[in-house]
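run-v1.tsv, holding TSV, N, CA and C atoms and all ligand atoms:
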```
chain	number	residue	atom	x	y	z
A	17	MET	N	93.07	103.57	98.10
A	17	MET	CA	93.13	102.57	99.18
A	17	MET	C	94.59	102.29	99.55
A	18	PHE	N	95.42	102.07	98.52
A	18	PHE	CA	96.83	101.76	98.77
A	18	PHE	C	97.50	102.94	99.47
A	19	GLN	N	97.18	104.13	99.00
A	19	GLN	CA	97.74	105.33	99.58
A	19	GLN	C	97.38	105.44	101.08
A	20	TYR	N	96.15	105.13	101.35
A	20	TYR	CA	95.65	105.15	102.73
A	20	TYR	C	96.44	104.17	103.58
A	21	PHE	N	96.66	102.98	103.04
A	21	PHE	CA	97.38	101.94	103.75
A	21	PHE	C	98.81	102.41	104.06
A	22	GLU	N	99.43	103.12	103.12
A	22	GLU	CA	100.80	103.61	103.30
A	22	GLU	C	100.92	104.56	104.49
A	23	LYS	N	99.86	105.28	104.77
A	23	LYS	CA	99.90	106.28	105.84
A	23	LYS	C	99.71	105.66	107.23
A	24	LEU	N	99.33	104.41	107.27
A	24	LEU	CA	99.07	103.77	108.56
A	24	LEU	C	100.37	103.51	109.32
A	25	THR	N	100.28	103.50	110.64
A	25	THR	CA	101.45	103.16	111.45
A	25	THR	C	101.76	101.67	111.26
A	26	PRO	N	103.01	101.27	111.52
A	26	PRO	CA	103.36	99.84	111.41
A	26	PRO	C	102.44	98.96	112.27
A	27	THR	N	102.06	99.46	113.44
A	27	THR	CA	101.19	98.68	114.33
A	27	THR	C	99.82	98.45	113.69
A	28	LYS	N	99.27	99.52	113.11
A	28	LYS	CA	97.95	99.42	112.49
A	28	LYS	C	98.01	98.50	111.26
A	29	LYS	N	99.12	98.59	110.51
A	29	LYS	CA	99.28	97.72	109.34
A	29	LYS	C	99.28	96.26	109.76
A	30	ARG	N	100.03	95.97	110.84
A	30	ARG	CA	100.14	94.59	111.30
A	30	ARG	C	98.78	94.08	111.77
A	31	GLU	N	98.06	94.96	112.45
A	31	GLU	CA	96.72	94.60	112.92
A	31	GLU	C	95.81	94.24	111.74
A	32	LEU	N	95.83	95.09	110.71
A	32	LEU	CA	94.99	94.85	109.53
A	32	LEU	C	95.40	93.58	108.79
A	33	GLU	N	96.72	93.31	108.79
A	33	GLU	CA	97.20	92.10	108.13
A	33	GLU	C	96.64	90.86	108.83
A	34	ILE	N	96.65	90.89	110.16
A	34	ILE	CA	96.12	89.76	110.93
A	34	ILE	C	94.62	89.62	110.65
A	35	LEU	N	93.90	90.73	110.71
A	35	LEU	CA	92.43	90.70	110.54
A	35	LEU	C	92.03	90.22	109.14
A	36	ASN	N	92.82	90.59	108.14
A	36	ASN	CA	92.48	90.21	106.76
A	36	ASN	C	92.97	88.81	106.40
A	37	LYS	N	93.94	88.30	107.16
A	37	LYS	CA	94.53	87.00	106.84
A	37	LYS	C	93.57	85.85	107.18
A	38	TYR	N	92.80	86.01	108.25
A	38	TYR	CA	91.96	84.91	108.71
A	38	TYR	C	90.48	85.22	108.48
A	39	SER	N	89.84	84.39	107.67
A	39	SER	CA	88.45	84.68	107.29
A	39	SER	C	87.50	84.62	108.49
A	40	PHE	N	87.91	83.90	109.55
A	40	PHE	CA	86.99	83.79	110.70
A	40	PHE	C	86.84	85.09	111.50
A	41	PHE	N	87.59	86.13	111.15
A	41	PHE	CA	87.35	87.43	111.78
A	41	PHE	C	86.19	88.16	111.08
A	42	ASN	N	85.90	87.74	109.83
A	42	ASN	CA	84.87	88.43	109.04
A	42	ASN	C	85.10	89.93	109.04
A	43	TYR	N	86.38	90.30	108.95
A	43	TYR	CA	86.70	91.72	109.07
A	43	TYR	C	86.13	92.53	107.90
A	44	GLY	N	85.38	93.55	108.23
A	44	GLY	CA	84.77	94.40	107.21
A	44	GLY	C	83.52	93.80	106.58
A	45	LYS	N	83.08	92.67	107.09
A	45	LYS	CA	81.93	91.99	106.49
A	45	LYS	C	80.69	92.00	107.36
A	46	LYS	N	80.84	92.41	108.61
A	46	LYS	CA	79.68	92.39	109.50
A	46	LYS	C	79.45	93.74	110.16
A	47	SER	N	78.20	94.00	110.47
A	47	SER	CA	77.87	95.27	111.12
A	47	SER	C	78.21	95.16	112.61
A	48	PRO	N	78.35	96.31	113.29
A	48	PRO	CA	78.68	96.29	114.73
A	48	PRO	C	77.66	95.50	115.56
A	49	SER	N	76.43	95.38	115.10
A	49	SER	CA	75.45	94.63	115.89
A	49	SER	C	75.67	93.12	115.74
A	50	GLN	N	76.40	92.70	114.70
A	50	GLN	CA	76.66	91.28	114.49
A	50	GLN	C	77.99	90.83	115.07
A	51	SER	N	78.96	91.74	115.06
A	51	SER	CA	80.31	91.39	115.49
A	51	SER	C	81.06	92.64	115.89
A	52	CYS	N	81.89	92.52	116.94
A	52	CYS	CA	82.68	93.68	117.37
A	52	CYS	C	84.00	93.78	116.63
A	53	MET	N	84.23	92.87	115.65
A	53	MET	CA	85.51	92.90	114.95
A	53	MET	C	85.70	94.16	114.11
A	54	CYS	N	84.61	94.89	113.83
A	54	CYS	CA	84.76	96.15	113.09
A	54	CYS	C	85.61	97.14	113.89
A	55	PHE	N	85.73	96.93	115.21
A	55	PHE	CA	86.58	97.80	116.03
A	55	PHE	C	88.04	97.35	116.01
A	56	GLY	N	88.31	96.26	115.33
A	56	GLY	CA	89.68	95.76	115.21
A	56	GLY	C	90.10	94.97	116.43
A	57	LEU	N	91.42	94.79	116.57
A	57	LEU	CA	91.97	94.11	117.75
A	57	LEU	C	92.09	95.15	118.85
A	58	GLU	N	91.28	95.07	119.87
A	58	GLU	CA	91.28	96.08	120.92
A	58	GLU	C	92.31	95.75	122.00
A	59	ILE	N	93.55	95.57	121.52
A	59	ILE	CA	94.67	95.24	122.39
A	59	ILE	C	95.90	95.99	121.89
A	60	ASN	N	96.95	96.07	122.72
A	60	ASN	CA	98.20	96.68	122.28
A	60	ASN	C	99.04	95.64	121.54
A	61	GLU	N	100.06	96.12	120.82
A	61	GLU	CA	100.80	95.24	119.92
A	61	GLU	C	101.64	94.17	120.61
A	62	GLY	N	101.91	94.33	121.90
A	62	GLY	CA	102.67	93.31	122.62
A	62	GLY	C	101.99	91.95	122.62
A	63	TRP	N	100.71	91.95	122.40
A	63	TRP	CA	99.93	90.69	122.37
A	63	TRP	C	99.64	90.19	120.95
A	64	PHE	N	100.07	90.95	119.95
A	64	PHE	CA	99.76	90.55	118.57
A	64	PHE	C	100.32	89.17	118.25
A	65	TYR	N	101.54	88.92	118.73
A	65	TYR	CA	102.17	87.63	118.43
A	65	TYR	C	101.35	86.46	118.98
A	66	ILE	N	100.79	86.66	120.17
A	66	ILE	CA	99.94	85.63	120.78
A	66	ILE	C	98.70	85.38	119.91
A	67	ILE	N	98.13	86.47	119.40
A	67	ILE	CA	96.95	86.34	118.53
A	67	ILE	C	97.31	85.62	117.23
A	68	GLU	N	98.48	85.96	116.68
A	68	GLU	CA	98.91	85.32	115.43
A	68	GLU	C	99.09	83.81	115.63
A	69	GLN	N	99.73	83.43	116.73
A	69	GLN	CA	99.94	82.01	117.03
A	69	GLN	C	98.60	81.29	117.21
A	70	LEU	N	97.71	81.93	117.95
A	70	LEU	CA	96.39	81.36	118.22
A	70	LEU	C	95.61	81.18	116.91
A	71	CYS	N	95.60	82.19	116.08
A	71	CYS	CA	94.85	82.13	114.82
A	71	CYS	C	95.39	81.03	113.92
A	72	TYR	N	96.71	80.90	113.89
A	72	TYR	CA	97.31	79.85	113.06
A	72	TYR	C	96.84	78.47	113.53
A	73	LYS	N	96.87	78.25	114.84
A	73	LYS	CA	96.45	76.96	115.39
A	73	LYS	C	94.97	76.68	115.08
A	74	ILE	N	94.14	77.71	115.22
A	74	ILE	CA	92.71	77.55	114.95
A	74	ILE	C	92.49	77.22	113.48
A	75	GLU	N	93.19	77.94	112.59
A	75	GLU	CA	93.00	77.71	111.15
A	75	GLU	C	93.36	76.27	110.78
A	76	GLN	N	94.49	75.79	111.32
A	76	GLN	CA	94.90	74.40	111.04
A	76	GLN	C	93.84	73.42	111.55
A	77	HIS	N	93.29	73.69	112.70
A	77	HIS	CA	92.29	72.81	113.30
A	77	HIS	C	91.01	72.78	112.46
A	78	ILE	N	90.57	73.95	112.02
A	78	ILE	CA	89.32	74.04	111.24
A	78	ILE	C	89.43	73.24	109.94
A	79	LYS	N	90.63	73.25	109.35
A	79	LYS	CA	90.85	72.54	108.08
A	79	LYS	C	90.47	71.06	108.17
A	80	THR	N	90.70	70.47	109.33
A	80	THR	CA	90.43	69.04	109.48
A	80	THR	C	89.18	68.78	110.32
A	81	HIS	N	88.46	69.82	110.70
A	81	HIS	CA	87.24	69.66	111.49
A	81	HIS	C	86.10	70.46	110.87
A	82	PRO	N	85.43	69.84	109.86
A	82	PRO	CA	84.37	70.55	109.14
A	82	PRO	C	83.23	71.02	110.05
A	83	GLU	N	83.06	70.39	111.20
A	83	GLU	CA	81.99	70.84	112.11
A	83	GLU	C	82.27	72.24	112.66
A	84	CYS	N	83.51	72.72	112.49
A	84	CYS	CA	83.85	74.08	112.94
A	84	CYS	C	83.82	75.09	111.80
A	85	ARG	N	83.20	74.72	110.68
A	85	ARG	CA	83.27	75.60	109.50
A	85	ARG	C	82.58	76.95	109.72
A	86	ASN	N	81.65	77.02	110.68
A	86	ASN	CA	81.00	78.30	110.95
A	86	ASN	C	81.68	79.09	112.06
A	87	PHE	N	82.84	78.59	112.47
A	87	PHE	CA	83.56	79.27	113.55
A	87	PHE	C	83.83	80.73	113.20
A	88	GLU	N	83.61	81.60	114.15
A	88	GLU	CA	83.99	83.00	113.95
A	88	GLU	C	84.46	83.63	115.27
A	89	VAL	N	85.29	84.64	115.13
A	89	VAL	CA	85.73	85.42	116.28
A	89	VAL	C	84.90	86.70	116.26
A	90	VAL	N	84.28	87.02	117.38
A	90	VAL	CA	83.39	88.19	117.40
A	90	VAL	C	83.97	89.38	118.17
A	91	GLN	N	84.99	89.12	119.01
A	91	GLN	CA	85.63	90.26	119.69
A	91	GLN	C	86.98	89.86	120.26
A	92	VAL	N	87.96	90.74	120.12
A	92	VAL	CA	89.27	90.54	120.73
A	92	VAL	C	89.60	91.82	121.49
A	93	LYS	N	89.73	91.71	122.81
A	93	LYS	CA	90.02	92.91	123.57
A	93	LYS	C	90.76	92.59	124.87
A	94	GLN	N	91.22	93.66	125.49
A	94	GLN	CA	91.82	93.55	126.81
A	94	GLN	C	90.81	94.08	127.80
A	95	LYS	N	90.55	93.28	128.83
A	95	LYS	CA	89.62	93.74	129.85
A	95	LYS	C	90.16	93.37	131.23
A	96	PHE	N	90.27	94.34	132.12
A	96	PHE	CA	90.82	94.14	133.46
A	96	PHE	C	92.15	93.38	133.44
A	97	GLY	N	92.99	93.70	132.46
A	97	GLY	CA	94.31	93.08	132.39
A	97	GLY	C	94.33	91.71	131.75
A	98	SER	N	93.18	91.24	131.25
A	98	SER	CA	93.13	89.91	130.63
A	98	SER	C	92.81	90.01	129.14
A	99	LEU	N	93.37	89.09	128.39
A	99	LEU	CA	93.00	88.98	126.99
A	99	LEU	C	91.64	88.29	126.92
A	100	ARG	N	90.72	88.86	126.17
A	100	ARG	CA	89.41	88.23	125.94
A	100	ARG	C	89.29	87.99	124.45
A	101	PHE	N	89.09	86.74	124.11
A	101	PHE	CA	88.99	86.31	122.71
A	101	PHE	C	87.66	85.60	122.57
A	102	TYR	N	86.64	86.37	122.17
A	102	TYR	CA	85.28	85.83	122.14
A	102	TYR	C	84.97	85.19	120.80
A	103	THR	N	84.48	83.95	120.87
A	103	THR	CA	84.26	83.18	119.64
A	103	THR	C	82.86	82.59	119.59
A	104	TYR	N	82.55	82.05	118.42
A	104	TYR	CA	81.25	81.43	118.20
A	104	TYR	C	81.45	80.26	117.25
A	105	GLY	N	80.82	79.15	117.55
A	105	GLY	CA	80.84	78.02	116.62
A	105	GLY	C	82.07	77.15	116.66
A	106	GLY	N	82.87	77.26	117.72
A	106	GLY	CA	84.07	76.43	117.81
A	106	GLY	C	83.80	75.13	118.56
A	107	ASP	N	84.86	74.45	118.96
A	107	ASP	CA	84.70	73.23	119.75
A	107	ASP	C	85.65	73.28	120.95
A	108	GLU	N	85.72	72.17	121.68
A	108	GLU	CA	86.55	72.15	122.90
A	108	GLU	C	88.03	72.40	122.62
A	109	THR	N	88.49	71.89	121.48
A	109	THR	CA	89.90	72.08	121.15
A	109	THR	C	90.20	73.57	120.96
A	110	ILE	N	89.33	74.25	120.23
A	110	ILE	CA	89.53	75.68	120.01
A	110	ILE	C	89.46	76.43	121.35
A	111	ASP	N	88.50	76.04	122.20
A	111	ASP	CA	88.41	76.66	123.53
A	111	ASP	C	89.73	76.50	124.29
A	112	LYS	N	90.33	75.32	124.14
A	112	LYS	CA	91.60	75.05	124.82
A	112	LYS	C	92.70	75.96	124.28
A	113	PHE	N	92.75	76.11	122.95
A	113	PHE	CA	93.73	77.02	122.34
A	113	PHE	C	93.55	78.44	122.89
A	114	VAL	N	92.29	78.86	122.98
A	114	VAL	CA	92.00	80.22	123.46
A	114	VAL	C	92.45	80.38	124.92
A	115	ASN	N	92.18	79.36	125.73
A	115	ASN	CA	92.60	79.42	127.14
A	115	ASN	C	94.11	79.54	127.28
A	116	ILE	N	94.84	78.79	126.44
A	116	ILE	CA	96.30	78.84	126.48
A	116	ILE	C	96.78	80.25	126.13
A	117	ALA	N	96.18	80.84	125.10
A	117	ALA	CA	96.57	82.19	124.66
A	117	ALA	C	96.25	83.22	125.74
A	118	GLU	N	95.09	83.10	126.36
A	118	GLU	CA	94.71	84.06	127.41
A	118	GLU	C	95.65	83.95	128.61
A	119	ASP	N	96.06	82.73	128.90
A	119	ASP	CA	97.00	82.50	129.99
A	119	ASP	C	98.38	83.10	129.66
A	120	GLU	N	98.80	82.91	128.41
A	120	GLU	CA	100.08	83.47	127.97
A	120	GLU	C	100.06	85.00	128.05
A	121	ALA	N	98.93	85.59	127.64
A	121	ALA	CA	98.80	87.05	127.65
A	121	ALA	C	98.93	87.60	129.07
A	122	SER	N	98.46	86.84	130.05
A	122	SER	CA	98.51	87.32	131.44
A	122	SER	C	99.94	87.43	131.94
A	123	LYS	N	100.90	86.87	131.18
A	123	LYS	CA	102.31	86.91	131.57
A	123	LYS	C	103.16	87.66	130.54
A	124	THR	N	102.50	88.39	129.65
A	124	THR	CA	103.19	89.06	128.54
A	124	THR	C	102.89	90.55	128.53
A	125	CYS	N	103.94	91.37	128.47
A	125	CYS	CA	103.76	92.83	128.44
A	125	CYS	C	102.94	93.23	127.21
A	126	GLU	N	101.90	93.99	127.43
A	126	GLU	CA	101.01	94.40	126.34
A	126	GLU	C	101.69	95.34	125.35
A	127	ILE	N	102.74	96.03	125.83
A	127	ILE	CA	103.38	97.02	124.97
A	127	ILE	C	104.45	96.39	124.08
A	128	CYS	N	105.34	95.56	124.69
A	128	CYS	CA	106.50	95.07	123.93
A	128	CYS	C	106.54	93.56	123.75
A	129	GLY	N	105.70	92.81	124.45
A	129	GLY	CA	105.68	91.36	124.28
A	129	GLY	C	106.67	90.59	125.13
A	130	LYS	N	107.46	91.32	125.97
A	130	LYS	CA	108.38	90.61	126.87
A	130	LYS	C	107.62	90.08	128.09
A	131	ASN	N	108.35	89.33	128.94
A	131	ASN	CA	107.70	88.80	130.14
A	131	ASN	C	107.12	89.93	130.98
A	132	GLY	N	105.91	89.78	131.42
A	132	GLY	CA	105.28	90.81	132.23
A	132	GLY	C	104.41	90.19	133.30
A	133	LYS	N	103.87	91.05	134.16
A	133	LYS	CA	102.87	90.55	135.10
A	133	LYS	C	101.80	91.60	135.30
A	134	THR	N	100.70	91.19	135.87
A	134	THR	CA	99.56	92.08	136.02
A	134	THR	C	99.89	93.20	137.00
A	135	ARG	N	99.64	94.43	136.58
A	135	ARG	CA	99.94	95.61	137.40
A	135	ARG	C	98.66	96.37	137.66
A	136	ASN	N	98.55	96.88	138.86
A	136	ASN	CA	97.40	97.71	139.18
A	136	ASN	C	97.76	99.18	139.06
A	137	LEU	N	97.43	99.78	137.93
A	137	LEU	CA	97.60	101.22	137.76
A	137	LEU	C	96.17	101.76	137.86
A	138	SER	N	95.89	102.88	137.21
A	138	SER	CA	94.49	103.29	137.19
A	138	SER	C	93.71	102.28	136.34
A	139	TRP	N	94.45	101.67	135.37
A	139	TRP	CA	93.92	100.55	134.60
A	139	TRP	C	94.77	99.34	134.92
A	140	ILE	N	94.17	98.18	134.97
A	140	ILE	CA	94.96	96.96	135.18
A	140	ILE	C	95.56	96.56	133.84
A	141	LYS	N	96.90	96.40	133.82
A	141	LYS	CA	97.58	96.03	132.60
A	141	LYS	C	98.64	94.99	132.89
A	142	VAL	N	99.03	94.26	131.86
A	142	VAL	CA	100.17	93.36	131.98
A	142	VAL	C	101.37	94.08	131.37
A	143	LEU	N	102.41	94.31	132.19
A	143	LEU	CA	103.57	95.05	131.69
A	143	LEU	C	104.86	94.43	132.19
A	144	CYS	N	105.95	94.64	131.43
A	144	CYS	CA	107.28	94.24	131.89
A	144	CYS	C	107.75	95.34	132.86
A	145	ASN	N	108.89	95.13	133.49
A	145	ASN	CA	109.39	96.11	134.48
A	145	ASN	C	109.60	97.49	133.87
A	146	LYS	N	110.20	97.52	132.66
A	146	LYS	CA	110.52	98.80	132.01
A	146	LYS	C	109.23	99.60	131.77
A	147	HIS	N	108.25	98.97	131.17
A	147	HIS	CA	107.02	99.71	130.84
A	147	HIS	C	106.17	100.00	132.07
A	148	TYR	N	106.35	99.22	133.13
A	148	TYR	CA	105.64	99.50	134.38
A	148	TYR	C	106.22	100.78	135.02
A	149	LYS	N	107.57	100.86	135.04
A	149	LYS	CA	108.22	102.04	135.64
A	149	LYS	C	107.88	103.31	134.86
A	150	GLU	N	107.79	103.18	133.55
A	150	GLU	CA	107.44	104.34	132.71
A	150	GLU	C	106.04	104.85	132.99
A	151	ARG	N	105.16	103.98	133.39
A	151	ARG	CA	103.77	104.37	133.55
A	151	ARG	C	103.37	104.70	134.98
A	152	LYS	N	104.28	104.44	135.93
A	152	LYS	CA	103.93	104.70	137.33
A	152	LYS	C	103.78	106.18	137.62
B	201	ZN	ZN	107.19	96.07	128.03
```

Step by step, read the file and then write its structure as structure tokens.
Ligand SMILES: [Zn+2]
Amino acid sequence: MFQYFEKLTPTKKRELEILNKYSFFNYGKKSPSQSCMCFGLEINEGWFYIIEQLCYKIEQHIKTHPECRNFEVVQVKQKFGSLRFYTYGGDETIDKFVNIAEDEASKTCEICGKNGKTRNLSWIKVLCNKHYKERK
């Protein structure tokens, strides 16, 4: 297992660290019919920081709100240039955190995390100027 982990790219390692750090991802614990988290974070690494910040806020909130104890994240992906963070069992505060993160992602390059804006390529993506020019 350790050997396998060593062969992973830094991006994949960071993704797995995020998924294993927060129990509400149920990473490796649910079948694909129960949760899409088995597919991992279906986003590029430029948005990882946004996910980390969001997860930290949610975890702190759950600690003091037992009614959210069954909270889980069922899918994290990019769709039509937007971050989609699908959850179950949360409350309005968590929804607000998610909205803030999705809004931040719409202004953040998916590749490097710098300021970006929505670009219409063959796929809609959020990119900074450098990564937009590279992909045109
Ligand atoms: Zn970029």

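Secondary structure from DSSP on the backbone puts strand (DSSP E or B) at the following positions of chain A: A:Glu58, A:Glu88, A:Val89, A:Val90, A:Gln91, A:Val92, A:Lys93, A:Gln94, A:Lys95, A:Ser98, A:Leu99, A:Arg100, A:Phe101, A:Tyr102, A:Thr103, A:Tyr104, A:Thr124, A:Asn131, A:Lys133, A:Thr134, A:Arg135, A:Asn136, A:Ile140, A:Lys141, A:Val142, A:Leu143.
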
Q. Would you name the residues within 8 Å of ligand ZN 201 (chain B), counting all atoms listed in the file, and put them as a PyMOL selection string?
A. chain A and resi 62+124-132+142-148

Q: Going by DSSP on the backbone, which bits of chain A are helix (DSSP H, G or I)? Write them as a VMD selection string, please.
A: chain A and resid 18 to 22 26 to 37 39 to 41 52 to 55 61 to 80 82 to 84 108 to 121 145 to 151

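For segment 65-68 of chain A, the list of residues within 8 Å, based on all atoms listed in the file and with local chain neighbours fewer than 4 positions off taken out, reads Ile34, Asn60, Glu61, Tyr72, Lys73, Ile74, Ala117, Glu118, Glu120, Ala121 and Gly129 of chain A.
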
Q.
I'd like the interatomic distance between atom CA of Asn136 of chain A and atom CA of Leu99 of chain A, to a tenth of an Å.
A. 15.6 Å

Q: In Å, rounded to a single decimal, give me how far atom CA of Lys28 of chain A is from atom CA of Tyr102 of chain A.
A: 20.9 Å

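Nearest-residue note for Phe96 of chain A: choosing from A:Ile59, A:Ile78, A:Cys84, A:Leu70, the minimum distance belongs to A:Ile59, counting only C-alpha atoms.
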
Edge lengths and centre in Å to one decimal, as JSON, is what I'm after for the box along x, y and z that holds all listed atoms of segment 125-141 of chain A once 8 Å is added on each side.
```
{"center_x": 101.0, "center_y": 96.0, "center_z": 131.5, "size_x": 30.7, "size_y": 30.5, "size_z": 31.4}
```

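Compared by their closest atoms to Gln94 of chain A, and using all atoms listed in the file, the residues A:Asn115, A:Glu58, A:Lys29, A:Lys152 rank with A:Glu58 nearest.
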
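With distances restricted to all atoms listed in the file, A:Val92 is the closest residue to Phe55 of chain A from A:Val92, A:His81, A:Lys123, A:Tyr38.
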
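The space separating atom CA of Leu32 of chain A from atom CA of Cys54 of chain A comes to 10.9 Å.
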
(Q) as a list in words, please: the residues near Ile140 of chain A (cut-off 6.5 Å, only N, CA and C atoms, same-chain neighbours under 6 positions excluded). (A) Phe96, Gly97, Ser98 and Thr134 of chain A

Could the residues in this selection be saved with N, CA and C atoms as an mmCIF file, in the frame of the given file?
```cif
data_model
loop_
_atom_site.group_PDB
_atom_site.id
_atom_site.type_symbol
_atom_site.label_atom_id
_atom_site.label_comp_id
_atom_site.auth_asym_id
_atom_site.auth_seq_id
_atom_site.Cartn_x
_atom_site.Cartn_y
_atom_site.Cartn_z
ATOM 1 N N PHE A 96 90.270 94.340 132.120
ATOM 2 C CA PHE A 96 90.820 94.140 133.460
ATOM 3 C C PHE A 96 92.150 93.380 133.440
ATOM 4 N N GLY A 97 92.990 93.700 132.460
ATOM 5 C CA GLY A 97 94.310 93.080 132.390
ATOM 6 C C GLY A 97 94.330 91.710 131.750
ATOM 7 N N SER A 98 93.180 91.240 131.250
ATOM 8 C CA SER A 98 93.130 89.910 130.630
ATOM 9 C C SER A 98 92.810 90.010 129.140
ATOM 10 N N THR A 134 100.700 91.190 135.870
ATOM 11 C CA THR A 134 99.560 92.080 136.020
ATOM 12 C C THR A 134 99.890 93.200 137.000
#
```

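Excluding Tyr104 of chain A and any residue on its chain fewer than 3 positions from it, the residues at most 6 Å away by all atoms listed in the file are Asn86, Phe87, Glu88, Val89 and Val90 of chain A.
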
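Comparing A:Lys93, A:His77, A:Lys46, A:Lys141 by their smallest distance to Ile110 of chain A, the closest is A:His77 (using only C-alpha atoms).
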
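Across A:Gly105, A:Gln69, A:Pro48, A:Asn36, the tightest approach to Arg85 of chain A is made by A:Gly105 when counting all atoms listed in the file.
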